[in-house]
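Peer 1: My structure file final39.txt, compact mmCIF, C-alpha atoms, is below:
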```txt
# COMPACT_ATOMS: atom_id res chain seq x y z
CA MET A 285 85.85 -98.83 -9.52
CA TYR A 286 86.95 -96.58 -12.26
CA LEU A 287 84.39 -94.48 -13.96
CA THR A 288 83.67 -95.55 -17.44
CA SER A 289 83.67 -92.93 -20.06
CA ASN A 290 79.89 -93.26 -20.41
CA LYS A 291 79.30 -92.77 -16.73
CA ALA A 292 81.69 -89.85 -16.65
CA LYS A 293 79.92 -88.31 -19.60
CA LYS A 294 76.62 -88.83 -17.83
CA ILE A 295 77.87 -87.14 -14.69
CA VAL A 296 79.36 -84.23 -16.61
CA PHE A 297 76.26 -83.73 -18.70
CA THR A 298 73.97 -83.97 -15.65
CA THR A 299 76.07 -81.45 -13.73
CA VAL A 300 76.25 -79.06 -16.67
CA GLY A 301 72.51 -79.49 -17.26
CA ALA A 302 71.75 -78.75 -13.62
CA LEU A 303 73.93 -75.64 -13.70
CA ILE A 304 72.22 -74.45 -16.87
CA ALA A 305 68.79 -75.10 -15.32
CA LEU A 306 69.82 -73.20 -12.19
CA ALA A 307 71.04 -70.31 -14.27
CA ALA A 308 67.91 -70.36 -16.41
CA PHE A 309 65.51 -70.56 -13.51
CA ARG A 310 67.54 -68.31 -11.26
CA GLY A 311 64.91 -65.63 -11.65
CA ALA A 312 62.13 -68.00 -10.63
CA PHE A 313 64.06 -69.25 -7.61
CA GLN A 314 64.75 -65.68 -6.58
CA ALA A 315 61.06 -64.83 -6.86
CA VAL A 316 60.17 -67.83 -4.67
CA ILE A 317 62.71 -66.84 -2.03
CA ILE A 318 61.59 -63.22 -2.14
CA SER A 319 57.93 -64.20 -1.71
CA ILE A 320 58.82 -66.42 1.23
CA SER A 321 60.73 -63.58 2.87
CA GLU A 322 57.87 -61.18 2.13
CA ASN A 323 55.44 -63.52 3.84
CA LEU A 324 57.73 -63.62 6.83
CA THR A 325 57.67 -59.83 6.89
CA VAL A 326 53.85 -59.95 7.12
CA PHE A 327 54.38 -60.25 10.82
CA SER A 328 56.33 -57.03 10.82
CA LYS A 329 53.58 -55.49 8.66
CA LEU A 330 51.06 -56.62 11.25
CA SER A 331 53.07 -54.94 13.95
CA LEU A 332 53.17 -51.77 11.82
CA GLN A 333 49.41 -51.92 11.49
CA ASP A 334 49.08 -52.33 15.25
CA GLU A 335 51.31 -49.33 15.69
CA LEU A 336 49.20 -47.35 13.23
CA GLU A 337 46.01 -48.24 15.12
CA GLN A 338 47.66 -47.22 18.36
CA LEU A 339 48.73 -43.89 16.89
CA ARG A 340 45.20 -43.29 15.58
CA GLN A 341 43.84 -44.03 19.02
CA GLU A 342 46.30 -41.63 20.60
CA LYS A 343 45.41 -38.92 18.10
CA LEU A 344 41.73 -39.36 18.86
CA LEU A 345 42.42 -39.26 22.58
CA TYR A 346 44.35 -35.99 22.24
CA GLN A 347 41.54 -34.55 20.14
CA LEU A 348 38.99 -35.39 22.81
CA LYS A 349 41.24 -34.03 25.54
CA PHE A 350 41.67 -30.82 23.56
CA ASN A 351 37.86 -30.47 23.31
CA GLN A 352 37.64 -31.11 27.03
CA LEU A 353 40.28 -28.49 27.83
CA ARG A 354 38.62 -25.91 25.61
CA ASN A 355 35.31 -26.49 27.35
CA LEU A 356 37.03 -26.27 30.71
CA LYS A 357 38.55 -22.93 29.82
CA GLU A 358 35.15 -21.52 28.85
CA GLU A 359 33.57 -22.92 31.96
CA ASN A 360 36.33 -21.49 34.11
CA GLN A 361 35.71 -18.02 32.81
CA GLU A 362 32.03 -18.34 33.68
CA LEU A 363 32.52 -20.06 37.02
CA ARG A 364 35.47 -18.02 38.34
CA GLU A 365 33.58 -17.06 41.47
CA ALA A 366 32.25 -20.60 42.08
CA LEU A 367 33.45 -22.42 45.16
CA ASN A 368 32.27 -25.92 44.44
CA PHE A 369 34.32 -26.58 41.33
CA LYS A 370 34.89 -30.34 40.96
CA LYS A 371 38.12 -31.74 39.56
CA GLN A 372 37.49 -33.82 36.45
CA GLY A 373 39.30 -37.06 35.80
CA ASP A 374 41.24 -37.79 32.66
CA ILE A 375 39.41 -39.57 29.89
CA SER A 376 40.80 -42.69 28.26
CA LEU A 377 39.82 -44.81 25.28
CA VAL A 378 39.41 -48.52 24.76
CA GLY A 379 39.49 -49.76 21.18
CA ALA A 380 36.96 -52.46 20.35
CA GLU A 381 36.08 -54.51 17.31
CA ILE A 382 32.47 -55.05 16.26
CA ILE A 383 31.77 -58.78 16.27
CA ALA A 384 28.03 -58.94 15.64
CA PHE A 385 25.03 -56.82 14.70
CA SER A 386 21.43 -57.23 15.76
CA PRO A 387 19.48 -58.84 12.90
CA SER A 388 16.60 -56.41 13.35
CA SER A 389 16.81 -53.11 11.47
CA TRP A 390 14.47 -51.52 14.02
CA HIS A 391 16.44 -52.28 17.17
CA ARG A 392 19.96 -51.43 16.17
CA TYR A 393 22.72 -52.55 18.44
CA VAL A 394 26.12 -54.17 18.04
CA PHE A 395 28.35 -56.39 20.13
CA VAL A 396 32.03 -55.63 20.64
CA ASN A 397 34.84 -57.82 21.87
CA VAL A 398 35.60 -55.97 25.11
CA GLY A 399 33.79 -56.29 28.42
CA GLU A 400 34.27 -56.44 32.18
CA LYS A 401 37.85 -57.54 31.75
CA GLU A 402 38.67 -54.18 30.16
CA LYS A 403 36.68 -52.36 32.90
CA ILE A 404 33.88 -51.30 30.59
CA ASN A 405 30.77 -50.05 32.37
CA GLU A 406 27.22 -49.43 31.31
CA GLY A 407 26.55 -45.90 30.13
CA MET A 408 29.95 -45.33 28.55
CA LEU A 409 29.77 -43.50 25.25
CA VAL A 410 31.19 -44.93 22.05
CA VAL A 411 32.84 -42.93 19.26
CA ASP A 412 34.24 -43.64 15.81
CA LYS A 413 37.81 -42.90 14.70
CA ASN A 414 36.90 -39.23 14.15
CA GLY A 415 35.60 -38.81 17.67
CA HIS A 416 31.96 -38.64 16.63
CA LEU A 417 29.33 -40.27 18.79
CA ILE A 418 27.90 -43.52 17.47
CA GLY A 419 26.34 -45.15 20.51
CA LYS A 420 26.34 -46.07 24.17
CA VAL A 421 27.22 -49.21 26.13
CA THR A 422 24.05 -50.71 27.63
CA GLU A 423 25.04 -54.22 28.69
CA VAL A 424 28.42 -55.55 29.77
CA TYR A 425 29.46 -59.22 29.87
CA PRO A 426 32.81 -60.69 30.86
CA LYS A 427 34.29 -60.58 27.36
CA ARG A 428 31.84 -58.56 25.28
CA SER A 429 29.56 -55.56 25.50
CA LYS A 430 26.38 -54.47 23.82
CA ILE A 431 26.28 -51.02 22.27
CA VAL A 432 23.01 -49.34 21.37
CA LEU A 433 23.50 -47.21 18.30
CA LEU A 434 22.61 -43.56 17.92
CA ASN A 435 19.89 -44.33 15.39
CA ASN A 436 18.14 -46.81 17.67
CA PRO A 437 14.82 -45.56 19.09
CA ASP A 438 15.99 -46.75 22.56
CA PHE A 439 19.09 -44.52 22.57
CA GLN A 440 19.13 -41.64 25.04
CA THR A 441 21.95 -39.60 26.52
CA PRO A 442 22.38 -36.13 28.02
CA ALA A 443 23.62 -33.59 25.52
CA SER A 444 24.32 -29.90 25.23
CA ILE A 445 24.21 -27.44 22.36
CA ASN A 446 27.37 -25.32 22.24
CA ASN A 447 27.63 -25.85 26.00
CA LYS A 448 24.88 -23.30 26.51
CA VAL A 449 21.71 -25.32 26.60
CA SER A 450 21.27 -28.89 27.87
CA GLY A 451 18.74 -31.51 26.93
CA LEU A 452 18.30 -35.21 26.17
CA LEU A 453 19.59 -36.63 22.89
CA GLN A 454 16.96 -39.10 21.68
CA GLY A 455 17.83 -41.65 19.02
CA SER A 456 15.52 -42.52 16.17
CA LEU A 457 15.46 -44.39 12.87
CA SER A 458 14.80 -41.22 10.94
CA LYS A 459 15.72 -38.04 12.75
CA ILE A 460 17.67 -37.63 15.94
CA GLU A 461 16.23 -35.05 18.30
CA ILE A 462 17.14 -33.19 21.45
CA LEU A 463 14.28 -33.15 23.90
CA TYR A 464 13.35 -30.87 26.78
CA ILE A 465 14.90 -27.68 25.42
CA GLU A 466 13.13 -24.61 26.77
CA GLU A 467 15.56 -21.89 25.72
CA GLY A 468 15.34 -22.33 21.97
CA ASP A 469 16.11 -18.68 21.33
CA LYS A 470 19.72 -19.26 22.39
CA ILE A 471 20.22 -21.84 19.65
CA ASN A 472 20.88 -21.43 15.94
CA VAL A 473 20.85 -23.90 13.07
CA GLY A 474 24.35 -25.24 12.66
CA ASP A 475 25.23 -25.13 16.37
CA LEU A 476 27.25 -28.11 17.49
CA VAL A 477 25.70 -30.77 19.69
CA TYR A 478 27.91 -32.46 22.27
CA ALA A 479 27.19 -35.58 24.27
CA ALA A 480 28.28 -35.65 27.89
CA THR A 481 30.66 -38.23 29.31
CA ASN A 482 29.82 -37.01 32.81
CA PRO A 483 27.66 -34.18 34.23
CA PHE A 484 30.58 -31.72 34.07
CA ASP A 485 32.02 -32.57 30.73
CA SER A 486 30.62 -32.45 27.19
CA SER A 487 33.39 -33.18 24.79
CA ILE A 488 32.02 -35.69 22.32
CA LYS A 489 30.58 -34.29 19.12
CA ALA A 490 27.27 -35.88 18.23
CA GLY A 491 26.11 -33.65 15.38
CA LYS A 492 24.80 -30.23 14.55
CA VAL A 493 21.40 -28.60 14.83
CA SER A 494 19.51 -28.95 11.54
CA ARG A 495 16.08 -27.62 12.48
CA ILE A 496 14.46 -25.66 15.29
CA ARG A 497 10.72 -25.67 15.71
CA LYS A 498 8.22 -24.92 18.42
CA SER A 499 4.53 -25.67 18.32
CA GLU A 500 2.17 -23.36 20.13
CA ASP A 501 0.84 -25.91 22.59
CA SER A 502 4.25 -27.28 23.57
CA LEU A 503 6.53 -26.12 26.35
CA PHE A 504 9.69 -27.40 24.68
CA TYR A 505 11.37 -26.80 21.35
CA GLU A 506 11.73 -29.55 18.75
CA ILE A 507 15.41 -29.61 17.86
CA SER A 508 16.45 -31.94 15.04
CA VAL A 509 20.07 -33.04 14.87
CA GLU A 510 22.10 -34.08 11.89
CA THR A 511 24.70 -36.56 13.09
CA PHE A 512 28.33 -36.66 12.01
CA SER A 513 28.66 -40.43 12.20
CA LYS A 514 28.00 -42.31 9.00
CA GLU A 515 25.38 -45.02 8.38
CA ALA A 516 27.97 -47.65 7.57
CA LEU A 517 29.79 -48.49 10.79
CA PRO A 518 33.58 -48.80 10.97
CA PRO A 519 34.91 -52.20 12.10
CA ILE A 520 36.72 -50.62 15.04
CA VAL A 521 35.13 -48.28 17.54
CA PHE A 522 36.39 -46.59 20.71
CA ILE A 523 34.73 -46.66 24.11
CA VAL A 524 35.28 -43.51 26.19
CA LYS A 525 36.07 -44.36 29.82
CA MET B 571 18.38 -86.15 -0.67
CA LYS B 572 21.23 -85.80 1.79
CA ASN B 573 22.93 -83.41 -0.62
CA LYS B 574 19.83 -81.26 -0.82
CA ASN B 575 19.48 -81.20 2.99
CA LEU B 576 23.06 -80.06 3.30
CA LYS B 577 22.43 -77.36 0.73
CA ILE B 578 19.45 -76.04 2.69
CA ILE B 579 21.42 -76.08 5.93
CA GLY B 580 24.33 -74.36 4.21
CA LEU B 581 22.05 -71.68 2.77
CA PHE B 582 20.43 -70.99 6.13
CA PHE B 583 23.83 -70.75 7.76
CA LEU B 584 24.90 -68.20 5.13
CA PHE B 585 21.76 -66.17 5.74
CA PHE B 586 22.35 -66.25 9.53
CA LEU B 587 25.89 -65.05 9.02
CA PHE B 588 24.79 -62.28 6.71
CA ASP B 589 22.14 -61.11 9.19
CA VAL B 590 24.54 -61.09 12.11
CA ILE B 591 27.75 -59.90 10.44
CA ARG B 592 26.03 -57.34 8.21
CA PRO B 593 28.86 -56.39 5.87
CA LEU B 594 26.89 -53.32 4.72
CA GLY B 595 25.81 -52.35 8.21
CA TYR B 596 22.27 -51.05 8.35
CA LEU B 597 22.31 -49.73 4.78
CA PHE B 598 20.97 -53.15 3.83
CA LEU B 599 17.74 -53.50 5.82
CA PRO B 600 16.13 -56.89 5.07
CA ASN B 601 16.35 -59.92 7.33
CA LEU B 602 17.44 -62.71 4.97
CA THR B 603 16.65 -65.49 7.45
CA PHE B 604 13.05 -64.36 7.65
CA LEU B 605 12.78 -64.22 3.86
CA ALA B 606 14.19 -67.75 3.61
CA ILE B 607 11.61 -68.99 6.11
CA VAL B 608 8.77 -67.41 4.13
CA SER B 609 10.13 -69.07 1.02
CA ILE B 610 10.34 -72.48 2.73
CA ALA B 611 6.78 -72.05 4.02
CA LEU B 612 5.57 -71.55 0.45
CA TYR B 613 6.94 -74.87 -0.73
CA SER B 614 7.14 -77.31 2.18
CA ASN B 615 4.54 -78.89 4.43
CA LEU B 616 3.51 -77.28 7.71
CA ASN B 617 5.47 -79.55 10.06
CA LEU B 618 8.75 -79.19 8.23
CA SER B 619 8.35 -75.43 7.85
CA LEU B 620 7.53 -75.00 11.55
CA LEU B 621 10.51 -77.09 12.53
CA ILE B 622 12.86 -75.11 10.33
CA ALA B 623 11.41 -71.81 11.57
CA LEU B 624 11.76 -72.86 15.21
CA PHE B 625 15.30 -74.00 14.69
CA ALA B 626 16.26 -70.88 12.72
CA GLY B 627 14.67 -68.58 15.28
CA SER B 628 16.35 -70.19 18.25
CA PHE B 629 19.69 -70.30 16.45
CA LEU B 630 19.42 -66.61 15.64
CA ASP B 631 18.47 -65.79 19.22
CA SER B 632 21.48 -67.70 20.50
CA LEU B 633 23.79 -66.02 17.94
CA ILE B 634 22.94 -62.50 19.04
CA PHE B 635 23.75 -63.30 22.68
CA SER B 636 20.91 -61.22 24.04
CA GLY B 637 19.39 -64.01 26.11
CA ASN B 638 15.90 -62.99 25.06
CA LEU B 639 13.77 -65.26 22.93
CA PHE B 640 12.39 -63.05 20.23
CA TYR B 641 12.79 -64.81 16.90
CA THR B 642 12.05 -68.26 18.35
CA PRO B 643 8.28 -67.67 18.59
CA VAL B 644 8.06 -65.05 15.83
CA TYR B 645 9.31 -67.11 12.91
CA PRO B 646 6.92 -70.06 13.48
CA LEU B 647 4.06 -67.56 13.79
CA PHE B 648 4.85 -66.18 10.38
CA VAL B 649 4.98 -69.71 8.95
CA LEU B 650 1.48 -70.27 10.34
CA PHE B 651 0.36 -66.96 8.87
CA VAL B 652 1.60 -67.94 5.38
CA PHE B 653 -0.03 -71.35 5.62
CA PHE B 654 -3.39 -70.12 6.80
CA LEU B 655 -3.49 -67.29 4.30
CA ASN B 656 -2.72 -69.83 1.57
CA ARG B 657 -5.56 -72.03 2.82
CA PHE B 658 -7.87 -69.06 3.06
CA LEU B 659 -7.16 -68.06 -0.53
CA TYR B 660 -7.71 -71.65 -1.64
CA PHE B 661 -11.05 -71.94 0.12
CA MET B 662 -12.09 -68.54 -1.18
CA LYS B 663 -11.62 -70.16 -4.60
CA ILE B 664 -9.39 -67.45 -5.91
CA LYS B 665 -8.80 -68.37 -9.52
CA ASN B 666 -5.53 -66.52 -9.92
CA SER B 667 -2.46 -68.31 -11.10
CA PRO B 668 -0.19 -69.87 -8.46
CA SER B 669 2.51 -67.29 -9.14
CA THR B 670 0.10 -64.46 -8.32
CA VAL B 671 -0.94 -66.11 -5.08
CA LYS B 672 2.70 -66.74 -4.24
CA ILE B 673 3.52 -63.07 -4.77
CA LEU B 674 0.51 -62.09 -2.67
CA LEU B 675 1.54 -64.40 0.18
CA SER B 676 5.14 -63.23 0.22
CA ILE B 677 4.22 -59.54 0.07
CA SER B 678 1.66 -60.01 2.88
CA ALA B 679 4.23 -61.73 5.06
CA ILE B 680 6.85 -59.01 4.47
CA LEU B 681 4.32 -56.25 5.10
CA LEU B 682 3.08 -57.86 8.29
CA TYR B 683 6.66 -58.37 9.49
CA SER B 684 7.49 -54.71 8.99
CA LEU B 685 4.28 -53.53 10.66
CA PHE B 686 4.91 -55.91 13.56
CA HIS B 687 8.38 -54.51 14.10
CA ASN B 688 7.13 -50.96 13.81
CA LEU B 689 4.62 -51.72 16.54
CA ILE B 690 7.26 -53.20 18.84
CA ALA B 691 9.70 -50.34 18.24
CA LYS B 692 6.84 -47.88 18.97
CA GLU B 693 8.05 -45.75 16.14
CA THR B 694 6.28 -45.22 12.83
CA ASN B 695 8.53 -44.02 10.09
CA LEU B 696 6.96 -44.19 6.64
CA LEU B 697 10.17 -43.66 4.69
CA PHE B 698 11.94 -46.40 6.58
CA LEU B 699 8.97 -48.74 6.17
CA ILE B 700 8.90 -48.19 2.41
CA SER B 701 12.69 -48.71 2.13
CA PHE B 702 12.48 -51.91 4.14
CA PHE B 703 9.53 -53.20 2.13
CA ILE B 704 11.14 -52.54 -1.26
CA GLN B 705 14.52 -53.94 -0.25
CA SER B 706 12.87 -57.03 1.25
CA CYS B 707 10.76 -57.70 -1.84
CA LEU B 708 13.79 -57.44 -4.12
CA SER B 709 15.89 -59.63 -1.80
CA PHE B 710 13.06 -62.15 -1.61
CA VAL B 711 13.29 -62.82 -5.34
CA PHE B 712 16.94 -63.74 -4.94
CA VAL B 713 16.43 -65.77 -1.75
CA ASP B 714 13.45 -67.61 -3.23
CA ARG B 715 15.45 -68.60 -6.27
CA LEU B 716 18.24 -70.01 -4.09
CA ILE B 717 15.78 -71.92 -1.87
CA GLN B 718 13.99 -73.35 -4.91
CA LYS B 719 17.25 -74.66 -6.29
CA ALA B 720 18.26 -76.12 -2.95
CA LEU B 721 14.96 -77.93 -2.25
CA PRO B 722 14.25 -81.41 -3.68
CA ARG B 723 12.38 -81.30 -6.96
CA LYS B 724 9.04 -82.45 -5.56
CA TYR B 725 9.10 -79.63 -3.00
CA SER B 726 10.24 -76.83 -5.22
CA THR B 727 6.94 -76.10 -6.95
CA PHE B 728 4.44 -73.82 -5.33
CA SER B 729 0.86 -75.05 -5.34
CA LEU B 730 -2.36 -73.58 -4.02
CA LYS B 731 -3.63 -76.78 -2.46
CA ARG B 732 -2.02 -78.26 0.63
```
What does this structure look like when you write it as structure tokens?
Peer 2:
Amino acid sequence: MYLTSNKAKKIVFTTVGALIALAAFRGAFQAVIISISENLTVFSKLSLQDELEQLRQEKLLYQLKFNQLRNLKEENQELREALNFKKQGDISLVGAEIIAFSPSSWHRYVFVNVGEKEKINEGMLVVDKNGHLIGKVTEVYPKRSKIVLLNNPDFQTPASINNKVSGLLQGSLSKIEILYIEEGDKINVGDLVYAATNPFDSSIKAGKVSRIRKSEDSLFYEISVETFSKEALPPIVFIVK
Amino acid sequence: MKNKNLKIIGLFFLFFLFDVIRPLGYLFLPNLTFLAIVSIALYSNLNLSLLIALFAGSFLDSLIFSGNLFYTPVYPLFVLFVFFLNRFLYFMKIKNSPSTVKILLSISAILLYSLFHNLIAKETNLLFLISFFIQSCLSFVFVDRLIQKALPRKYSTFSLKR
């Protein structure tokens, strides 16, 4: 019942030893606790990242809307007397993540993780985080969509050069061209090329004119375009609705 | 043997993933699955190579969700091409060393693959063709080495006679 002196000594020594160990390894214990709490704050970091992505998306949206408004102002000045001016709808963006690439380097397309559920339609243009054209939606499935890239030979979309001259932007593995341009004298090297989201709006930058040529036996000019989008694709793209 | 089979399956799965995920986008042009199939065709018998090519092609077609069967017939055709070219060189009594014939077969397959795709894309771009060819040849050396290590010993030596 009573503690013997040996037992008491054992207890005292054990307690003192434990306290010394705690004091000695206090730093290590603190580090463990701090790392656990840091891991718990990963979730808050994730939410910060989400917020950052959202802000980037908003910034891009405002940039595109600004381009649209600038074009509208120019068009208004030219079409002041027009009676059939159509009201344009607001544009919106849907962020999408690239989930797969086509294995063929000749037919370049990617699949993204948004589809009919997010009201994506065929023909919608796709931009990168800087608002530069990278492709167009060609097939839509319930939960994914197929995007044909700008440097795919099958890519085609209406485009305009400085909103003065319109043609067809034709994708290619080597050089992107604008086809069916008759009024080449209105264009200069360095003019900006815009892709159209609808017949009355060209607000998406695709590139700039790099070369203008016309052969004698051809009706149209050969306009080469240097694109702004980079070869290496970003993991997240934006579909313009 | 089971270990080696698993290694081959694992390698093919890695090549599929690399072709579909493409961490470098389209800066890296070669199709690693195709190169692996050419390598297998150089070492294995016809039946096994055709089976692997058919399986790999259909798996790749199903991975890219397109619903079209493109790689399913193409890969076995290239296996047949490698085999018959090998036979042709053997019957023509070409006295070159096996390594020379192997290089010739692999280069022919890669060249034919790139010309075939150029034809389908209806676009001829010499610079792109040369880039693809060089990148594929360099990647083939690496892929071939991996396949050789993964195959059982009796299959991992290239020979002229089948």
Peer 1: Quote the spacing between atom CA of B:Leu633 and atom CA of A:Pro437 in Å to one decimal place.
Peer 2: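 The value is 22.4 Å.
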Peer 1: Based on all atoms listed in the file, which of the residues in chain B come within 6 Å of chain A? I want them as a PDB file with C-alpha atoms, keeping the file's coordinate frame.
Peer 2:
```pdb
ATOM      1  CA  ASP B 589      22.140 -61.110   9.190  1.00  0.00           C
ATOM      2  CA  VAL B 590      24.540 -61.090  12.110  1.00  0.00           C
ATOM      3  CA  ILE B 591      27.750 -59.900  10.440  1.00  0.00           C
ATOM      4  CA  GLY B 595      25.810 -52.350   8.210  1.00  0.00           C
ATOM      5  CA  LEU B 599      17.740 -53.500   5.820  1.00  0.00           C
TER       6      LEU B 599
END
```
Peer 1: Within 8 Å of A:Thr422, counting only C-alpha atoms, which residues qualify if same-chain residues fewer than 2 places away don't, as a ChimeraX atom specification?
Peer 2: /A:406-407,420,424,429-432
Peer 1: Write out as a ChimeraX atom specification the residues lying within 7 Å of A:Glu510, counting all atoms listed in the file and excluding same-chain residues fewer than 4 positions away.
Peer 2: /A:460,491-494
Peer 1: List the spatial neighbours of stretch 449-455 of chain A as a list of chain:residue names - criterion: any atom at most 8 Å away, all atoms listed in the file, same-chain residues fewer than 5 positions off excluded.
Peer 2: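 Contacts, with the query itself left out: A:Leu433, A:Leu434, A:Asn435, A:Asn436, A:Pro437, A:Asp438, A:Phe439, A:Gln440, A:Thr441, A:Pro442, A:Ala443, A:Ser444, A:Ile460, A:Glu461, A:Ile462, A:Leu463, A:Tyr464, A:Ile465, A:Glu467, A:Lys470, A:Ile471, A:Ala479.
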Peer 1: If we count only C-alpha atoms and set the cut-off at 12 Å, which residues sit around stretch 583-585 of chain B, ignoring sequence neighbours fewer than 3 positions away in its own chain? Please answer as JSON, numbers by chain.
Peer 2: {"A": [387], "B": [576, 577, 578, 579, 580, 588, 589, 590, 591, 592, 600, 601, 602, 603, 604, 605, 606, 607, 625, 626, 629, 630, 633, 709, 712, 713, 716, 717]}
Peer 1: Quick one: pull the distance between atom CA of A:Ile404 and atom CA of A:Pro426, Å, one decimal.
Peer 2: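 Those two atoms sit 9.5 Å apart.
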Peer 1: Name all residues at most 8 Å from B:Asn656 (count all atoms listed in the file; drop same-chain ones fewer than 4 positions away) and give them as JSON, numbers by chain.
Peer 2: {"B": [652, 660, 671, 675, 730]}
Peer 1: Find the smallest box with edges along x, y and z containing every listed atom of stretch 651-655 of chain B, then add 4 Å on each side and report centre and edge lengths in Å to one decimal, as AutoDock Vina command-line options.
Peer 2:
```
--center_x -0.9 --center_y -69.2 --center_z 6.6 --size_x 13.1 --size_y 12.4 --size_z 12.6
```
Peer 1: Could you state the separation of atom CA of A:Gln347 and atom CA of A:Lys427 in Å, given to one decimal place?
Peer 2: 28.0 Å
Peer 1: Taking into account all atoms listed in the file, which residue in the set A:Lys401, A:Arg497, A:Lys343, A:Lys413 is nearest to A:Phe522?
Peer 2: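 Looking at the shortest contact to A:Phe522, the residue is A:Lys413.
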Peer 1: Find the residues with any atom within 6 Å of (29.7, -46.3, 24.0); use all atoms listed in the file and the coordinates as given in the file, and write the answer as a PDB file with C-alpha atoms, keeping the file's coordinate frame.
Peer 2:
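Result file selection_30.pdb:
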```pdb
ATOM      1  CA  MET A 408      29.950 -45.330  28.550  1.00  0.00           C
ATOM      2  CA  LEU A 409      29.770 -43.500  25.250  1.00  0.00           C
ATOM      3  CA  VAL A 410      31.190 -44.930  22.050  1.00  0.00           C
ATOM      4  CA  GLY A 419      26.340 -45.150  20.510  1.00  0.00           C
ATOM      5  CA  LYS A 420      26.340 -46.070  24.170  1.00  0.00           C
ATOM      6  CA  VAL A 421      27.220 -49.210  26.130  1.00  0.00           C
ATOM      7  CA  ILE A 523      34.730 -46.660  24.110  1.00  0.00           C
TER       8      ILE A 523
END
```
Peer 1: From the options A:Leu339, A:Val524, A:Val378, A:Ile496, which residue's atoms come nearest to A:Leu417, counting only C-alpha atoms?
Peer 2: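 Going through A:Leu339, A:Val524, A:Val378, A:Ile496 one by one, the smallest distance to A:Leu417 is for A:Val524.
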Peer 1: For B:Phe653, which of B:Leu612, B:Ser667, B:Leu621, B:Lys692 is the closest residue, counting all atoms listed in the file?
Peer 2: B:Leu612
